[in-house]
Amino acid sequence: MEVTAEPRVFRKSCDEARARGLTVGFVPTMGALHRGHAHLLERARKDCGFEALSLFVNPLQFDSQADLKAYPRALEADLDLARGLGVDLAFTPDESAMYPDGPPRVTVDPGPLGERLEGRSRPGHFRGVLTAVAALLELAGPCRAYFGEKDAQQLALVRRMVLDLAMPVTVIPCATVREPDGLAISSRNARLSPRQRGAAPVLFEALSDAATEARRGERRVGVHRAHMARRIGADSLARLDYAAVVDEETWEDVDVVSDRPARALVAASFDGARLIDNLLLPSAGVGSVQNTGDAQGGS
Ligand code: AMP
């Protein structure tokens, strides 16, 4: 596995792989790799002749310096895991390599969706995400880029950006990988105390209840939202941020679960750790939860 912190070298290696006739599969991450990331890497490995991974803790997407500093870093372990999964190229730039002139002055405007849900709770977050992802995709060049449904709003915004800015990239959505009790795997889970860790699956339970009720025919989104909020709010360790249901394509709020796919999303804080999760709700008349990506991972 080639490892480089140099943007020029990363670009050149991706270019050379394409010149050899290989499809480049690209998995952008912030490192501290876990089974969720591994799932994306395995998908890319299966699909593509050349697999590139980036490990870059993007300062632009953090709302506080304390949060940025507290973000876990585990470069050597990440590189070992990547080698084991057959990654061809690991890109490990630091801030000065990505932004040699200081923070970028030209940035990507995420549009109206960037202001809602996660964007409302974390002002500037998606501008920071998209500005970094745009630069990484530009360096990688034409590729298949793998993103997790765990961060569904980020995935939707990256898809939008790739379409609106005519980037030569195919975005591949990958299902959320969960712990056996349903908790979506996240590097932030390490910040949970044992009691909070015990309570954290309430997010997935609330989403699963909504999916079950939708499958039984409950179409009123107000009812789903209220149930999810009550379920999470009833946990003394969780502070609910939002419980929402949006149209899977437009990301507009919906009033009823119709024959169009709708996604339920929740966010809650457990003291210092803010967790998010989401689940596609079964459409009216559909007997099971559908997925845009691969099967819901429980591995
Ligand atoms: P991050 O390092 O947190 O920026 O995540 C890098 C990529 O991994 C993003 O596309 C995430 O959506 C994805 N990811 C993170 N956690 C999971 C998970 N539990 N299941 C699937 N994908 C994930």
# chains A, B, ... in the order shown; residues from 1 in each chain; ligands from 1
>>> closest_atom_pairs(of="chain A", to="ligand 1", cutoff="6 Å", atoms="only C-alpha atoms and all ligand atoms", output="Markdown table")
| residue | atom | partner | partner_atom_place_in_ligand_line | distance |
| --- | --- | --- | --- | --- |
| A:Pro28 | CA | ligand 1 | 6 (C) | 5.9 |
| A:Thr29 | CA | ligand 1 | 2 (O) | 3.8 |
| A:Met30 | CA | ligand 1 | 2 (O) | 3.8 |
| A:Gly31 | CA | ligand 1 | 2 (O) | 5.3 |
| A:Gly36 | CA | ligand 1 | 18 (C) | 3.6 |
| A:His37 | CA | ligand 1 | 8 (O) | 4.7 |
| A:Phe147 | CA | ligand 1 | 10 (O) | 3.3 |
| A:Gly148 | CA | ligand 1 | 12 (O) | 3.3 |
| A:Glu149 | CA | ligand 1 | 12 (O) | 5.6 |
| A:Lys150 | CA | ligand 1 | 12 (O) | 4.9 |
| A:Asp151 | CA | ligand 1 | 12 (O) | 4.4 |
| A:Ala175 | CA | ligand 1 | 21 (C) | 5.5 |
| A:Thr176 | CA | ligand 1 | 20 (N) | 3.5 |
| A:Val177 | CA | ligand 1 | 20 (N) | 3.8 |
| A:Arg178 | CA | ligand 1 | 19 (N) | 5.8 |
| A:Ala184 | CA | ligand 1 | 19 (N) | 4.9 |
| A:Ile185 | CA | ligand 1 | 19 (N) | 3.8 |
| A:Ser186 | CA | ligand 1 | 16 (N) | 5.0 |
>>> closest_atom_pairs(of="segment 205-232 of chain A", to="segment 271-279 of chain A", cutoff="8 Å", atoms="only C-alpha atoms", output="JSON lines")
{"residue": "A:Leu207", "atom": "CA", "partner": "A:Leu279", "partner_atom": "CA", "distance": 6.2}
{"residue": "A:Ser208", "atom": "CA", "partner": "A:Leu279", "partner_atom": "CA", "distance": 7.5}
{"residue": "A:Ala211", "atom": "CA", "partner": "A:Leu279", "partner_atom": "CA", "distance": 7.7}
>>> select_by_dssp(residues="segment 68-229 of chain A", states="strand (DSSP E or B)", output="list in words")
Leu89, Ala90, Phe91, Cys143, Arg144, Ala145, Tyr146, Phe147, Gly148, Val169, Thr170, Val171, Ile172, Pro173, Cys174, Val177, Arg178, Ala184 and Arg220 of chain A
>>> closest_atom_pairs(of="segment 21-94 of chain A", to="segment 109-121 of chain A", cutoff="12 Å", atoms="only C-alpha atoms", output="Markdown table")
| residue | atom | partner | partner_atom | distance |
| --- | --- | --- | --- | --- |
| A:Gln61 | CA | A:Gly119 | CA | 10.6 |
| A:Phe62 | CA | A:Gly119 | CA | 11.7 |
| A:Asp63 | CA | A:Ser121 | CA | 9.9 |
>>> closest_atom_pairs(of="segment 90-141 of chain A", to="segment 78-85 of chain A", cutoff="12 Å", atoms="only C-alpha atoms", output="tab-separated table")
residue	atom	partner	partner_atom	distance
A:Ala90	CA	A:Leu79	CA	7.5
A:Phe91	CA	A:Leu79	CA	10.0
A:Thr92	CA	A:Leu79	CA	9.6
>>> select_by_dssp(residues="segment 40-156 of chain A", states="alpha helix (DSSP H)", output="MDAnalysis selection string")
chainID A and resid 40:47 65:70 75:84 95:98 118:121 125:140 152:156
>>> write_last_selection(atoms="C-alpha atoms", output="tab-separated table (two decimals), in the first residue's frame")
chain	number	residue	atom	x	y	z
A	40	LEU	CA	-17.11	1.05	2.79
A	41	LEU	CA	-13.56	-0.12	2.08
A	42	GLU	CA	-14.73	-3.69	1.45
A	43	ARG	CA	-17.42	-2.44	-0.95
A	44	ALA	CA	-14.89	-0.33	-2.86
A	45	ARG	CA	-12.40	-3.23	-2.96
A	46	LYS	CA	-15.05	-5.52	-4.46
A	47	ASP	CA	-16.14	-2.98	-7.08
A	65	GLN	CA	-11.72	23.87	18.53
A	66	ALA	CA	-12.35	21.64	21.57
A	67	ASP	CA	-14.37	19.19	19.44
A	68	LEU	CA	-11.63	19.19	16.76
A	69	LYS	CA	-8.94	18.55	19.37
A	70	ALA	CA	-10.96	15.79	21.03
A	75	LEU	CA	-2.97	6.81	12.12
A	76	GLU	CA	-0.83	3.68	12.53
A	77	ALA	CA	-3.78	1.45	13.44
A	78	ASP	CA	-5.74	2.93	10.50
A	79	LEU	CA	-2.92	2.15	8.06
A	80	ASP	CA	-2.67	-1.42	9.40
A	81	LEU	CA	-6.40	-1.93	8.93
A	82	ALA	CA	-6.27	-0.43	5.44
A	83	ARG	CA	-3.38	-2.71	4.46
A	84	GLY	CA	-5.31	-5.71	5.75
A	95	GLU	CA	-4.12	20.77	7.44
A	96	SER	CA	-1.14	22.59	5.93
A	97	ALA	CA	-0.94	20.11	3.03
A	98	MET	CA	-4.64	20.58	2.19
A	118	GLU	CA	-27.68	18.74	11.27
A	119	GLY	CA	-26.94	22.07	9.59
A	120	ARG	CA	-29.23	23.89	11.97
A	121	SER	CA	-27.60	22.35	15.02
A	125	HIS	CA	-20.77	22.20	9.27
A	126	PHE	CA	-21.87	21.21	5.78
A	127	ARG	CA	-20.04	24.09	4.11
A	128	GLY	CA	-16.93	22.69	5.79
A	129	VAL	CA	-17.73	19.11	4.78
A	130	LEU	CA	-18.49	19.92	1.14
A	131	THR	CA	-15.49	22.24	0.74
A	132	ALA	CA	-13.15	19.47	1.91
A	133	VAL	CA	-14.95	16.68	0.01
A	134	ALA	CA	-14.87	18.78	-3.19
A	135	ALA	CA	-11.10	19.22	-2.87
A	136	LEU	CA	-10.58	15.51	-2.13
A	137	LEU	CA	-12.76	14.46	-5.09
A	138	GLU	CA	-10.91	16.92	-7.32
A	139	LEU	CA	-7.59	15.35	-6.30
A	140	ALA	CA	-8.91	11.78	-6.74
A	152	ALA	CA	-27.60	10.48	5.41
A	153	GLN	CA	-27.80	14.27	5.12
A	154	GLN	CA	-24.10	14.45	4.26
A	155	LEU	CA	-24.62	11.73	1.64
A	156	ALA	CA	-27.57	13.65	0.14
